[in-house]
Amino acid sequence: ENQLFAIRSAGFALRPRIIGNIELLGRDGDDIRVGANAIVFEATQRREIVWGSRNEYTLRRAGDGFKLARKKVALVNNDRAIYTMSFII
């Protein structure tokens, strides 16, 4: 509880996110392209905002798993000022 208060006091935002509608878009050698929709809820002391996006990822085979080679985020509500981009990461 004290840590949560400290995080909020420092001005950091809490950003729960939901990712869904995941689909395979294509494959090229060791690369796999994946698409997904995302909703991110951002809550700070000053405001609350919901970001909706369509994301594309390129996953590259690396050993026994995959690494993220590319991420493209297309915001649905991109018609207003964006004060932070950290939620995209």
# chains A, B, ... in the order shown; residues from 1 in each chain; ligands from 1
$ residues_around --residues "region 65-77 of chain A" --least-positions-apart "3" --cutoff "8 Å" --atoms "only C-alpha atoms" --output "list in words"
Trp51, Gly52, Ser53, Arg54, Asn55, Glu56, Tyr57, Thr58, Leu59, Arg60, Arg61, Ala62, Arg80 and Ile88 of chain A
$ select_by_dssp --residues "region 40-88 of chain A" --states "strand (DSSP E or B)" --output "ChimeraX atom specification"
/A:40-43,48-62,65-75
$ atom_distance --atom1 "CA of Asp30 (chain A)" --atom2 "CA of Asp64 (chain A)"
12.0 Å
$ atom_distance --atom1 "CA of Asn37 (chain A)" --atom2 "CA of Asn21 (chain A)"
5.8 Å
$ atom_distance --atom1 "CA of Ala36 (chain A)" --atom2 "CA of Ile18 (chain A)"
10.1 Å
$ closest_residue --among "A:Ala81, A:Val40, A:Val34, A:Val50" --to "Ile22 (chain A)" --atoms "only C-alpha atoms"
A:Val34
$ closest_residue --among "A:Ala38, A:Gly63, A:Thr44, A:Ile82" --to "Ile19 (chain A)" --atoms "only C-alpha atoms"
A:Ala38
$ residues_around --residues "Leu25 (chain A)" --least-positions-apart "3" --cutoff "8 Å" --atoms "only C-alpha atoms" --output "list in words"
Ile32, Arg33, Val34 and Gly35 of chain A
$ closest_residue --among "A:Glu23, A:Asn78, A:Arg15, A:Asp28" --to "Glu42 (chain A)" --atoms "only C-alpha atoms"
A:Arg15
